[in-house]
Amino acid sequence: MIANTKTAAIRVGITGVGSCVPDEIVTNDDIAERAQTSDEWIVERTGIRQRHVAGPGVAASDLASPAAERALARAGITSADVDLVLVATITPDMPFPATASVVAERLGAGQVAAYDLQAGCTGFVYALTQAYATIVAGLARRVLVVGVDLLTKYLNWEDRGTCILFGDGAGAAVVEEVSDGGFLSFELGNDGSHVEDLYVPAGGTRQPATAGSVAALDHTMRMNGRQVFKFATRVMVISAQRVLASAGFEPADIDLYVPHQANKRIIDHAVRELGIPEEKVVVNVDRFGNTSAASIPICLDEMLRDGTVAPGARVLMTGVGTGITWGSALIEWPTDGNNGGSV
Ligand code: ACO
């Protein structure tokens, strides 16, 4: 799917962003012995130094709700002003109902529409696209988009191929009509032939949880790291090129590049191929690890709070995740886009 927004009757953009991560920080040294790895190996191969990890009893909605409250406050609205709550996650509170239902209730949003969307680490970009389309179609005026994942809950902490990579977190954005700037183009894709390169075998309808599946750790993540690495590096570049071409831009026209924070080596490869200068690239994977659907909105929140994004800045976001899914969104940051984030 690819589209530019030139023919849309209204401009739609992001007017408020917020995020939330658990307090507990787990460093590479904290996991090195159990996973038979080292800080040096992890930093060299991934760029990750630490991650935030949710404790027992903390669920997706516990991070999503505060992130959403901050985004609403920064947009200068309340949950009563929202028409749809859209939560991108692969780590919901429960198999059902949707975590969006829990979040809407926690926010006091009343009887708004609410549903979850599952596209792995690309979930936030997919959800932005849906929010945009829903507003342009006239079905909603304001959509609250949340990207939240607690992938540490699906880790086998003795599997050094996976446990080193992930952290927990949530990021949220209010999407609505804006007076200038806004989304310029989107590109979404998926290649389902890679399903088993990154998946959780049990706990769904294919293999419901049993004592045996739990004993076999089939409810934890399995990943073919090399395959994911190869595919992700290629598709990050292709998706960015497509979304830029669709809007009539070159990589040189971009002010800020916000790639999914999976691995510094994947980011470096994309940056090299696209020819985007380092100073335009946003990286926080060293402090948060891969927070999946939360990674891009956590970056946006940091960028707004430290003043990296100014109105008029052209921001390119690209995600890649389990599926394998990918997606890019190009936005010109609007003047009414919570610049400063004082809340
Ligand atoms: N510490 C020490 N050694 C390790 C570790 C570790 N943590 N992990 C693997 N190794 C070893 C392997 O056992 C192997 O040893 P061997 O040669 O004796 O067999 C060697 O290192 C090389 O293994 P590879 O798997 O080829 O290591 P690679 O360089 O590919 O790095 C990594 C592994 C970091 C997982 C890399 O493949 C990667 O980053 N892949 C992408 C994963 C990813 O980002 N997934 C999420 C993206 S999608 C989403 O966000 C949902």
# chains A, B, ... in the order shown; residues from 1 in each chain; ligands from 1
>>> residues_around(residues="Val281 of chain A", least_positions_apart="2", cutoff="9 Å", atoms="only C-alpha atoms", output="number ranges by chain")
A: 255-259, 267, 271, 276-279, 283
>>> write_last_selection(atoms="all heavy atoms", output="mmCIF file, in the first residue's frame")
data_model
loop_
_atom_site.group_PDB
_atom_site.id
_atom_site.type_symbol
_atom_site.label_atom_id
_atom_site.label_comp_id
_atom_site.auth_asym_id
_atom_site.auth_seq_id
_atom_site.Cartn_x
_atom_site.Cartn_y
_atom_site.Cartn_z
ATOM 1 N N ASP A 255 14.525 16.288 7.171
ATOM 2 C CA ASP A 255 15.199 16.968 8.288
ATOM 3 C C ASP A 255 15.526 15.989 9.408
ATOM 4 O O ASP A 255 16.534 16.143 10.095
ATOM 5 C CB ASP A 255 14.310 18.088 8.843
ATOM 6 C CG ASP A 255 14.070 19.163 7.802
ATOM 7 O OD1 ASP A 255 15.067 19.702 7.288
ATOM 8 O OD2 ASP A 255 12.901 19.441 7.475
ATOM 9 N N LEU A 256 14.639 15.009 9.630
ATOM 10 C CA LEU A 256 14.862 14.046 10.712
ATOM 11 C C LEU A 256 14.422 12.654 10.268
ATOM 12 O O LEU A 256 13.337 12.493 9.686
ATOM 13 C CB LEU A 256 14.071 14.452 11.957
ATOM 14 C CG LEU A 256 14.584 15.696 12.692
ATOM 15 C CD1 LEU A 256 13.517 16.238 13.630
ATOM 16 C CD2 LEU A 256 15.868 15.371 13.465
ATOM 17 N N TYR A 257 15.256 11.684 10.557
ATOM 18 C CA TYR A 257 14.949 10.288 10.213
ATOM 19 C C TYR A 257 14.774 9.515 11.521
ATOM 20 O O TYR A 257 15.692 9.476 12.352
ATOM 21 C CB TYR A 257 16.109 9.728 9.380
ATOM 22 C CG TYR A 257 16.002 8.257 9.042
ATOM 23 C CD1 TYR A 257 14.826 7.694 8.554
ATOM 24 C CD2 TYR A 257 17.117 7.422 9.177
ATOM 25 C CE1 TYR A 257 14.750 6.351 8.221
ATOM 26 C CE2 TYR A 257 17.049 6.082 8.852
ATOM 27 C CZ TYR A 257 15.870 5.557 8.373
ATOM 28 O OH TYR A 257 15.797 4.219 8.052
ATOM 29 N N VAL A 258 13.586 8.938 11.703
ATOM 30 C CA VAL A 258 13.281 8.181 12.932
ATOM 31 C C VAL A 258 13.058 6.719 12.546
ATOM 32 O O VAL A 258 11.925 6.303 12.274
ATOM 33 C CB VAL A 258 12.022 8.731 13.631
ATOM 34 C CG1 VAL A 258 11.871 8.106 15.015
ATOM 35 C CG2 VAL A 258 12.070 10.241 13.737
ATOM 36 N N PRO A 259 14.127 5.930 12.492
ATOM 37 C CA PRO A 259 13.964 4.511 12.154
ATOM 38 C C PRO A 259 13.518 3.721 13.376
ATOM 39 O O PRO A 259 13.810 4.117 14.516
ATOM 40 C CB PRO A 259 15.379 4.097 11.749
ATOM 41 C CG PRO A 259 16.282 5.013 12.511
ATOM 42 C CD PRO A 259 15.531 6.294 12.759
ATOM 43 N N ILE A 267 20.138 0.240 11.660
ATOM 44 C CA ILE A 267 19.958 1.682 11.431
ATOM 45 C C ILE A 267 21.127 2.231 10.605
ATOM 46 O O ILE A 267 20.928 2.952 9.623
ATOM 47 C CB ILE A 267 19.840 2.432 12.779
ATOM 48 C CG1 ILE A 267 18.584 1.983 13.532
ATOM 49 C CG2 ILE A 267 19.841 3.947 12.562
ATOM 50 C CD1 ILE A 267 18.467 2.526 14.960
ATOM 51 N N VAL A 271 20.921 4.140 7.009
ATOM 52 C CA VAL A 271 21.404 5.523 6.906
ATOM 53 C C VAL A 271 22.452 5.644 5.786
ATOM 54 O O VAL A 271 22.427 6.568 4.977
ATOM 55 C CB VAL A 271 21.991 5.961 8.271
ATOM 56 C CG1 VAL A 271 22.812 7.223 8.146
ATOM 57 C CG2 VAL A 271 20.864 6.152 9.280
ATOM 58 N N ILE A 276 21.610 9.583 4.358
ATOM 59 C CA ILE A 276 21.124 10.595 5.298
ATOM 60 C C ILE A 276 22.249 10.898 6.297
ATOM 61 O O ILE A 276 22.799 9.972 6.899
ATOM 62 C CB ILE A 276 19.856 10.096 6.041
ATOM 63 C CG1 ILE A 276 18.721 9.883 5.040
ATOM 64 C CG2 ILE A 276 19.431 11.082 7.126
ATOM 65 C CD1 ILE A 276 17.452 9.300 5.640
ATOM 66 N N PRO A 277 22.597 12.178 6.502
ATOM 67 C CA PRO A 277 23.686 12.490 7.444
ATOM 68 C C PRO A 277 23.343 12.100 8.879
ATOM 69 O O PRO A 277 22.181 12.202 9.284
ATOM 70 C CB PRO A 277 23.832 14.011 7.334
ATOM 71 C CG PRO A 277 22.953 14.456 6.235
ATOM 72 C CD PRO A 277 22.020 13.357 5.871
ATOM 73 N N GLU A 278 24.364 11.652 9.609
ATOM 74 C CA GLU A 278 24.194 11.160 10.995
ATOM 75 C C GLU A 278 23.409 12.115 11.886
ATOM 76 O O GLU A 278 22.622 11.699 12.723
ATOM 77 C CB GLU A 278 25.572 10.964 11.639
ATOM 78 C CG GLU A 278 26.422 9.884 11.017
ATOM 79 C CD GLU A 278 26.234 8.548 11.723
ATOM 80 O OE1 GLU A 278 25.997 8.580 12.931
ATOM 81 O OE2 GLU A 278 26.321 7.505 11.045
ATOM 82 N N GLU A 279 23.651 13.425 11.706
ATOM 83 C CA GLU A 279 23.027 14.397 12.619
ATOM 84 C C GLU A 279 21.510 14.477 12.439
ATOM 85 O O GLU A 279 20.809 15.046 13.272
ATOM 86 C CB GLU A 279 23.688 15.783 12.505
ATOM 87 C CG GLU A 279 23.604 16.453 11.152
ATOM 88 C CD GLU A 279 24.760 16.064 10.221
ATOM 89 O OE1 GLU A 279 25.436 15.052 10.481
ATOM 90 O OE2 GLU A 279 24.956 16.768 9.211
ATOM 91 N N VAL A 283 18.510 8.194 17.360
ATOM 92 C CA VAL A 283 18.884 6.872 17.901
ATOM 93 C C VAL A 283 18.764 6.903 19.421
ATOM 94 O O VAL A 283 19.360 7.757 20.077
ATOM 95 C CB VAL A 283 20.345 6.504 17.515
ATOM 96 C CG1 VAL A 283 20.732 5.169 18.133
ATOM 97 C CG2 VAL A 283 20.509 6.449 15.998
#
>>> residues_around(residues="segment 117-122 of chain A", least_positions_apart="4", cutoff="6 Å", atoms="only C-alpha atoms", output="list of chain:residue names")
A:Ala88, A:Thr89, A:Ile90, A:Ser292, A:Ala293, A:Gly319, A:Val320, A:Gly321, A:Thr322, A:Trp326
>>> atom_distance(atom1="atom 34 (C, counted along the ligand's line) of ligand 1", atom2="atom CA of Thr46 of chain A")
5.6 Å
>>> residues_around(residues="segment 186-190 of chain A", least_positions_apart="6", cutoff="7 Å", atoms="only C-alpha atoms", output="mmCIF file with all heavy atoms, in the first residue's frame")
data_model
loop_
_atom_site.group_PDB
_atom_site.id
_atom_site.type_symbol
_atom_site.label_atom_id
_atom_site.label_comp_id
_atom_site.auth_asym_id
_atom_site.auth_seq_id
_atom_site.Cartn_x
_atom_site.Cartn_y
_atom_site.Cartn_z
ATOM 1 N N MET A 1 0.851 -1.194 0.000
ATOM 2 C CA MET A 1 0.000 0.000 0.000
ATOM 3 C C MET A 1 0.877 1.231 0.000
ATOM 4 O O MET A 1 1.796 1.335 0.803
ATOM 5 C CB MET A 1 -0.836 0.046 1.282
ATOM 6 C CG MET A 1 -2.025 -0.870 1.288
ATOM 7 S SD MET A 1 -2.731 -0.998 2.950
ATOM 8 C CE MET A 1 -3.213 0.691 3.255
ATOM 9 N N ILE A 2 0.574 2.120 -0.919
ATOM 10 C CA ILE A 2 1.345 3.370 -0.918
ATOM 11 C C ILE A 2 0.419 4.503 -1.321
ATOM 12 O O ILE A 2 -0.448 4.316 -2.188
ATOM 13 C CB ILE A 2 2.567 3.259 -1.856
ATOM 14 C CG1 ILE A 2 3.436 4.508 -1.744
ATOM 15 C CG2 ILE A 2 2.168 3.044 -3.300
ATOM 16 C CD1 ILE A 2 4.865 4.266 -2.157
ATOM 17 N N ALA A 3 0.558 5.634 -0.664
ATOM 18 C CA ALA A 3 -0.306 6.766 -1.004
ATOM 19 C C ALA A 3 0.332 8.060 -0.566
ATOM 20 O O ALA A 3 0.984 8.112 0.471
ATOM 21 C CB ALA A 3 -1.659 6.616 -0.302
ATOM 22 N N ASN A 4 0.158 9.100 -1.384
ATOM 23 C CA ASN A 4 0.498 10.424 -0.878
ATOM 24 C C ASN A 4 -0.809 11.140 -0.558
ATOM 25 O O ASN A 4 -1.890 10.687 -0.917
ATOM 26 C CB ASN A 4 1.391 11.201 -1.848
ATOM 27 C CG ASN A 4 0.648 11.604 -3.099
ATOM 28 O OD1 ASN A 4 -0.433 12.169 -3.016
ATOM 29 N ND2 ASN A 4 1.229 11.325 -4.246
ATOM 30 N N THR A 129 -1.325 5.329 9.972
ATOM 31 C CA THR A 129 -1.941 5.297 8.644
ATOM 32 C C THR A 129 -3.454 5.132 8.764
ATOM 33 O O THR A 129 -4.236 5.819 8.089
ATOM 34 C CB THR A 129 -1.342 4.145 7.801
ATOM 35 O OG1 THR A 129 0.077 4.169 7.924
ATOM 36 C CG2 THR A 129 -1.739 4.254 6.348
ATOM 37 N N SER A 239 11.454 0.779 1.761
ATOM 38 C CA SER A 239 10.235 1.454 2.214
ATOM 39 C C SER A 239 10.445 2.970 2.285
ATOM 40 O O SER A 239 9.588 3.754 1.860
ATOM 41 C CB SER A 239 9.814 0.917 3.590
ATOM 42 O OG SER A 239 8.654 1.559 4.033
ATOM 43 N N ARG A 242 10.476 4.397 -1.195
ATOM 44 C CA ARG A 242 9.141 4.445 -1.804
ATOM 45 C C ARG A 242 8.309 5.595 -1.260
ATOM 46 O O ARG A 242 7.617 6.289 -1.997
ATOM 47 C CB ARG A 242 8.399 3.133 -1.524
ATOM 48 C CG ARG A 242 8.854 1.987 -2.388
ATOM 49 C CD ARG A 242 7.971 0.782 -2.110
ATOM 50 N NE ARG A 242 8.495 -0.406 -2.750
ATOM 51 C CZ ARG A 242 8.317 -1.633 -2.296
ATOM 52 N NH1 ARG A 242 7.632 -1.836 -1.186
ATOM 53 N NH2 ARG A 242 8.813 -2.661 -2.943
ATOM 54 N N VAL A 243 8.341 5.771 0.067
ATOM 55 C CA VAL A 243 7.483 6.804 0.655
ATOM 56 C C VAL A 243 7.971 8.193 0.239
ATOM 57 O O VAL A 243 7.157 9.099 -0.019
ATOM 58 C CB VAL A 243 7.392 6.650 2.194
ATOM 59 C CG1 VAL A 243 8.547 7.296 2.919
ATOM 60 C CG2 VAL A 243 6.076 7.182 2.728
ATOM 61 N N GLY A 323 6.326 -10.618 10.947
ATOM 62 C CA GLY A 323 5.329 -10.752 9.859
ATOM 63 C C GLY A 323 5.931 -11.381 8.599
ATOM 64 O O GLY A 323 5.471 -12.389 8.157
ATOM 65 N N ILE A 324 6.929 -10.771 7.989
ATOM 66 C CA ILE A 324 7.578 -9.519 8.364
ATOM 67 C C ILE A 324 6.800 -8.339 7.766
ATOM 68 O O ILE A 324 6.524 -8.338 6.561
ATOM 69 C CB ILE A 324 9.040 -9.502 7.889
ATOM 70 C CG1 ILE A 324 9.863 -10.462 8.762
ATOM 71 C CG2 ILE A 324 9.649 -8.110 7.971
ATOM 72 C CD1 ILE A 324 11.339 -10.586 8.355
ATOM 73 N N THR A 325 6.470 -7.364 8.610
ATOM 74 C CA THR A 325 5.792 -6.169 8.139
ATOM 75 C C THR A 325 6.796 -5.028 8.025
ATOM 76 O O THR A 325 7.842 -5.047 8.663
ATOM 77 C CB THR A 325 4.727 -5.727 9.155
ATOM 78 O OG1 THR A 325 5.377 -5.498 10.418
ATOM 79 C CG2 THR A 325 3.630 -6.753 9.321
ATOM 80 N N TRP A 326 6.447 -4.048 7.240
ATOM 81 C CA TRP A 326 7.239 -2.816 7.219
ATOM 82 C C TRP A 326 6.316 -1.642 6.897
ATOM 83 O O TRP A 326 5.200 -1.842 6.400
ATOM 84 C CB TRP A 326 8.378 -2.891 6.197
ATOM 85 C CG TRP A 326 7.912 -3.005 4.788
ATOM 86 C CD1 TRP A 326 7.566 -1.984 3.940
ATOM 87 C CD2 TRP A 326 7.726 -4.221 4.045
ATOM 88 N NE1 TRP A 326 7.181 -2.496 2.724
ATOM 89 C CE2 TRP A 326 7.275 -3.858 2.759
ATOM 90 C CE3 TRP A 326 7.894 -5.574 4.342
ATOM 91 C CZ2 TRP A 326 6.983 -4.806 1.780
ATOM 92 C CZ3 TRP A 326 7.604 -6.512 3.363
ATOM 93 C CH2 TRP A 326 7.158 -6.121 2.108
ATOM 94 N N GLY A 327 6.787 -0.450 7.183
ATOM 95 C CA GLY A 327 5.965 0.716 6.875
ATOM 96 C C GLY A 327 6.697 2.008 7.139
ATOM 97 O O GLY A 327 7.559 2.079 8.022
ATOM 98 N N SER A 328 6.366 3.022 6.329
ATOM 99 C CA SER A 328 6.951 4.353 6.501
ATOM 100 C C SER A 328 5.855 5.399 6.486
ATOM 101 O O SER A 328 4.846 5.254 5.788
ATOM 102 C CB SER A 328 7.919 4.677 5.357
ATOM 103 O OG SER A 328 9.046 3.850 5.410
ATOM 104 N N ALA A 329 6.087 6.456 7.245
ATOM 105 C CA ALA A 329 5.195 7.621 7.219
ATOM 106 C C ALA A 329 6.078 8.857 7.139
ATOM 107 O O ALA A 329 7.100 8.945 7.819
ATOM 108 C CB ALA A 329 4.335 7.667 8.481
ATOM 109 N N LEU A 330 5.670 9.777 6.278
ATOM 110 C CA LEU A 330 6.406 11.034 6.126
ATOM 111 C C LEU A 330 5.492 12.162 6.575
ATOM 112 O O LEU A 330 4.340 12.247 6.139
ATOM 113 C CB LEU A 330 6.787 11.203 4.649
ATOM 114 C CG LEU A 330 7.602 12.427 4.273
ATOM 115 C CD1 LEU A 330 8.961 12.418 4.966
ATOM 116 C CD2 LEU A 330 7.797 12.479 2.752
#
>>> residues_around(residues="Ile10 of chain A", least_positions_apart="5", cutoff="10 Å", atoms="only C-alpha atoms", output="list in words")
Thr5, Ile135, Val136, Ala137, Glu176, Glu177, Val178, Ser179, Asp180 and Gly182 of chain A
>>> residues_around(residues="Gly161 of chain A", least_positions_apart="5", cutoff="9 Å", atoms="only C-alpha atoms", output="number ranges by chain")
A: 35, 222-225
>>> select_by_dssp(residues="segment 190-286 of chain A", states="strand (DSSP E or B)", output="list in words")
Asn190, Leu198, Tyr199, Arg222, Met223, Leu256, Tyr257, Val258, Pro259 and Val281 of chain A
>>> closest_residue(among="A:Ala173, A:Ala232, A:Leu184, A:Val58", to="ligand 1", atoms="only C-alpha atoms and all ligand atoms")
A:Ala232
>>> atom_distance(atom1="atom 32 (C, counted along the ligand's line) of ligand 1", atom2="atom CA of Thr233 of chain A")
12.5 Å
>>> closest_residue(among="A:Thr318, A:Thr308, A:Asn290, A:Ser185", to="ligand 1", atoms="only C-alpha atoms and all ligand atoms")
A:Asn290
>>> closest_residue(among="A:Leu107, A:Met221, A:Val87, A:Val102", to="Arg70 of chain A", atoms="only C-alpha atoms")
A:Leu107
>>> residues_around(residues="segment 59-68 of chain A", least_positions_apart="6", cutoff="8 Å", atoms="only C-alpha atoms", output="list in words")
Val17, Gly18, Ser19, Cys20, Val21, Pro22, Thr91, Pro92, Asp93, Thr99, Ala100, Val102, Val103, Arg106, Leu107, Leu144, Val146, Gly147, Val148, Asp149, Leu150, Gly169, Ala170, Gly171, Ala172 and Ala173 of chain A
>>> write_last_selection(atoms="N, CA and C atoms", output="PDB file, in the first residue's frame")
ATOM      1  N   VAL A  17       2.169  14.196  21.816  1.00  0.00           N
ATOM      2  CA  VAL A  17       2.887  12.917  21.937  1.00  0.00           C
ATOM      3  C   VAL A  17       3.232  12.688  23.406  1.00  0.00           C
ATOM      4  N   GLY A  18       3.204  11.455  23.845  1.00  0.00           N
ATOM      5  CA  GLY A  18       3.621  11.115  25.208  1.00  0.00           C
ATOM      6  C   GLY A  18       4.218   9.726  25.232  1.00  0.00           C
ATOM      7  N   SER A  19       4.941   9.414  26.291  1.00  0.00           N
ATOM      8  CA  SER A  19       5.492   8.057  26.395  1.00  0.00           C
ATOM      9  C   SER A  19       5.591   7.641  27.851  1.00  0.00           C
ATOM     10  N   CYS A  20       5.831   6.369  28.071  1.00  0.00           N
ATOM     11  CA  CYS A  20       5.979   5.832  29.426  1.00  0.00           C
ATOM     12  C   CYS A  20       6.790   4.546  29.355  1.00  0.00           C
ATOM     13  N   VAL A  21       7.813   4.466  30.178  1.00  0.00           N
ATOM     14  CA  VAL A  21       8.583   3.216  30.287  1.00  0.00           C
ATOM     15  C   VAL A  21       8.643   2.814  31.759  1.00  0.00           C
ATOM     16  N   PRO A  22       8.809   1.531  32.033  1.00  0.00           N
ATOM     17  CA  PRO A  22       8.918   1.114  33.444  1.00  0.00           C
ATOM     18  C   PRO A  22      10.180   1.706  34.071  1.00  0.00           C
ATOM     19  N   THR A  91       1.670  -7.517  22.376  1.00  0.00           N
ATOM     20  CA  THR A  91       1.755  -8.022  23.744  1.00  0.00           C
ATOM     21  C   THR A  91       0.594  -7.450  24.562  1.00  0.00           C
ATOM     22  N   PRO A  92      -0.637  -7.817  24.197  1.00  0.00           N
ATOM     23  CA  PRO A  92      -1.808  -7.253  24.878  1.00  0.00           C
ATOM     24  C   PRO A  92      -1.897  -7.713  26.335  1.00  0.00           C
ATOM     25  N   ASP A  93      -2.745  -7.028  27.111  1.00  0.00           N
ATOM     26  CA  ASP A  93      -2.959  -7.435  28.507  1.00  0.00           C
ATOM     27  C   ASP A  93      -3.381  -8.905  28.562  1.00  0.00           C
ATOM     28  N   THR A  99      -6.647  -4.547  24.280  1.00  0.00           N
ATOM     29  CA  THR A  99      -6.041  -3.630  25.254  1.00  0.00           C
ATOM     30  C   THR A  99      -6.600  -2.218  25.073  1.00  0.00           C
ATOM     31  N   ALA A 100      -7.004  -1.877  23.852  1.00  0.00           N
ATOM     32  CA  ALA A 100      -7.602  -0.551  23.597  1.00  0.00           C
ATOM     33  C   ALA A 100      -8.856  -0.347  24.442  1.00  0.00           C
ATOM     34  N   VAL A 102      -9.354  -1.592  27.429  1.00  0.00           N
ATOM     35  CA  VAL A 102      -8.877  -1.339  28.790  1.00  0.00           C
ATOM     36  C   VAL A 102      -8.370   0.100  28.896  1.00  0.00           C
ATOM     37  N   VAL A 103      -7.607   0.517  27.901  1.00  0.00           N
ATOM     38  CA  VAL A 103      -7.029   1.872  27.918  1.00  0.00           C
ATOM     39  C   VAL A 103      -8.144   2.916  27.862  1.00  0.00           C
ATOM     40  N   ARG A 106      -9.679   3.185  31.205  1.00  0.00           N
ATOM     41  CA  ARG A 106      -8.764   3.841  32.165  1.00  0.00           C
ATOM     42  C   ARG A 106      -8.713   5.351  31.950  1.00  0.00           C
ATOM     43  N   LEU A 107      -8.828   5.766  30.696  1.00  0.00           N
ATOM     44  CA  LEU A 107      -8.768   7.195  30.378  1.00  0.00           C
ATOM     45  C   LEU A 107     -10.098   7.892  30.613  1.00  0.00           C
ATOM     46  N   LEU A 144      -6.696   8.648  19.038  1.00  0.00           N
ATOM     47  CA  LEU A 144      -5.580   8.445  19.961  1.00  0.00           C
ATOM     48  C   LEU A 144      -4.876   7.152  19.547  1.00  0.00           C
ATOM     49  N   VAL A 146      -1.790   4.537  20.126  1.00  0.00           N
ATOM     50  CA  VAL A 146      -0.795   4.108  21.112  1.00  0.00           C
ATOM     51  C   VAL A 146       0.007   2.940  20.534  1.00  0.00           C
ATOM     52  N   GLY A 147       1.320   3.002  20.684  1.00  0.00           N
ATOM     53  CA  GLY A 147       2.174   1.854  20.379  1.00  0.00           C
ATOM     54  C   GLY A 147       2.724   1.354  21.699  1.00  0.00           C
ATOM     55  N   VAL A 148       2.444   0.118  22.044  1.00  0.00           N
ATOM     56  CA  VAL A 148       2.919  -0.397  23.338  1.00  0.00           C
ATOM     57  C   VAL A 148       3.342  -1.856  23.189  1.00  0.00           C
ATOM     58  N   ASP A 149       4.476  -2.185  23.738  1.00  0.00           N
ATOM     59  CA  ASP A 149       4.885  -3.594  23.777  1.00  0.00           C
ATOM     60  C   ASP A 149       5.740  -3.881  25.000  1.00  0.00           C
ATOM     61  N   LEU A 150       5.478  -5.063  25.567  1.00  0.00           N
ATOM     62  CA  LEU A 150       6.255  -5.562  26.710  1.00  0.00           C
ATOM     63  C   LEU A 150       6.821  -6.916  26.299  1.00  0.00           C
ATOM     64  N   GLY A 169       7.892  -0.653  26.801  1.00  0.00           N
ATOM     65  CA  GLY A 169       7.558   0.772  26.773  1.00  0.00           C
ATOM     66  C   GLY A 169       6.278   1.037  26.010  1.00  0.00           C
ATOM     67  N   ALA A 170       5.851   2.298  26.091  1.00  0.00           N
ATOM     68  CA  ALA A 170       4.656   2.748  25.367  1.00  0.00           C
ATOM     69  C   ALA A 170       4.876   4.164  24.873  1.00  0.00           C
ATOM     70  N   GLY A 171       4.299   4.463  23.727  1.00  0.00           N
ATOM     71  CA  GLY A 171       4.313   5.831  23.205  1.00  0.00           C
ATOM     72  C   GLY A 171       2.969   6.103  22.571  1.00  0.00           C
ATOM     73  N   ALA A 172       2.516   7.350  22.652  1.00  0.00           N
ATOM     74  CA  ALA A 172       1.176   7.665  22.146  1.00  0.00           C
ATOM     75  C   ALA A 172       1.193   8.969  21.370  1.00  0.00           C
ATOM     76  N   ALA A 173       0.234   9.100  20.461  1.00  0.00           N
ATOM     77  CA  ALA A 173       0.126  10.322  19.663  1.00  0.00           C
ATOM     78  C   ALA A 173      -1.345  10.640  19.421  1.00  0.00           C
TER      79      ALA A 173
END
>>> closest_residue(among="A:Glu105, A:Asp116, A:Glu332, A:Asp197", to="ligand 1", atoms="only C-alpha atoms and all ligand atoms")
A:Asp197
>>> closest_residue(among="A:Thr220, A:Thr134, A:Asn156, A:Gln50", to="Asn28 of chain A", atoms="only C-alpha atoms")
A:Gln50
>>> atom_distance(atom1="atom CA of Arg142 of chain A", atom2="atom CA of Ser295 of chain A")
22.2 Å
>>> select_by_dssp(residues="segment 190-343 of chain A", states="helix (DSSP H, G or I)", output="PyMOL selection string")
chain A and resi 192-197+211-215+225-247+251-253+264-274+278-280+285-288+292-305
>>> closest_residue(among="A:Arg34, A:His219, A:Arg74, A:Arg45", to="Gly337 of chain A", atoms="only C-alpha atoms")
A:Arg74
>>> residues_around(residues="Lys264 of chain A", least_positions_apart="3", cutoff="10 Å", atoms="only C-alpha atoms", output="CSV table (one decimal) with C-alpha atoms, in the first residue's frame")
chain,number,residue,atom,x,y,z
A,43,VAL,CA,27.1,-3.3,22.3
A,44,GLU,CA,29.2,-4.3,19.3
A,45,ARG,CA,26.4,-6.3,17.5
A,46,THR,CA,23.4,-4.2,18.5
A,47,GLY,CA,24.4,-0.9,20.1
A,48,ILE,CA,22.1,-1.7,23.1
A,259,PRO,CA,14.0,4.5,12.2
A,260,HIS,CA,12.5,1.7,14.3
A,261,GLN,CA,15.1,1.1,17.1
A,267,ILE,CA,20.0,1.7,11.4
A,268,ASP,CA,23.5,2.4,10.3
A,269,HIS,CA,23.0,0.3,7.2
A,270,ALA,CA,19.8,2.1,6.3
A,283,VAL,CA,18.9,6.9,17.9
A,284,ASN,CA,18.0,5.8,21.4
A,285,VAL,CA,18.2,2.0,21.1
A,286,ASP,CA,21.3,2.2,23.4
A,289,GLY,CA,16.6,-1.6,23.4
>>> decode(residues="segment 161-168 of chain A", atoms="N, CA, C and O atoms", output="tab-separated table (two decimals), in the first residue's frame")
chain	number	residue	atom	x	y	z
A	161	GLY	N	20.18	-15.20	21.84
A	161	GLY	CA	19.87	-14.63	20.52
A	161	GLY	C	18.71	-13.65	20.56
A	161	GLY	O	18.53	-12.85	19.63
A	162	THR	N	17.87	-13.73	21.61
A	162	THR	CA	16.71	-12.82	21.67
A	162	THR	C	16.70	-11.93	22.90
A	162	THR	O	16.34	-10.76	22.81
A	163	CYS	N	17.10	-12.48	24.07
A	163	CYS	CA	16.86	-11.73	25.31
A	163	CYS	C	17.67	-10.45	25.42
A	163	CYS	O	17.33	-9.56	26.19
A	164	ILE	N	18.72	-10.33	24.61
A	164	ILE	CA	19.55	-9.13	24.67
A	164	ILE	C	18.91	-7.93	23.98
A	164	ILE	O	19.33	-6.79	24.19
A	165	LEU	N	17.88	-8.19	23.15
A	165	LEU	CA	17.44	-7.15	22.21
A	165	LEU	C	16.30	-6.26	22.71
A	165	LEU	O	16.20	-5.12	22.28
A	166	PHE	N	15.42	-6.80	23.56
A	166	PHE	CA	14.13	-6.14	23.75
A	166	PHE	C	13.98	-5.43	25.10
A	166	PHE	O	14.55	-5.84	26.11
A	167	GLY	N	13.17	-4.36	25.08
A	167	GLY	CA	12.79	-3.64	26.30
A	167	GLY	C	11.30	-3.33	26.23
A	167	GLY	O	10.66	-3.55	25.20
A	168	ASP	N	10.75	-2.81	27.32
A	168	ASP	CA	9.32	-2.53	27.39
A	168	ASP	C	9.05	-1.03	27.34
A	168	ASP	O	9.86	-0.23	27.86
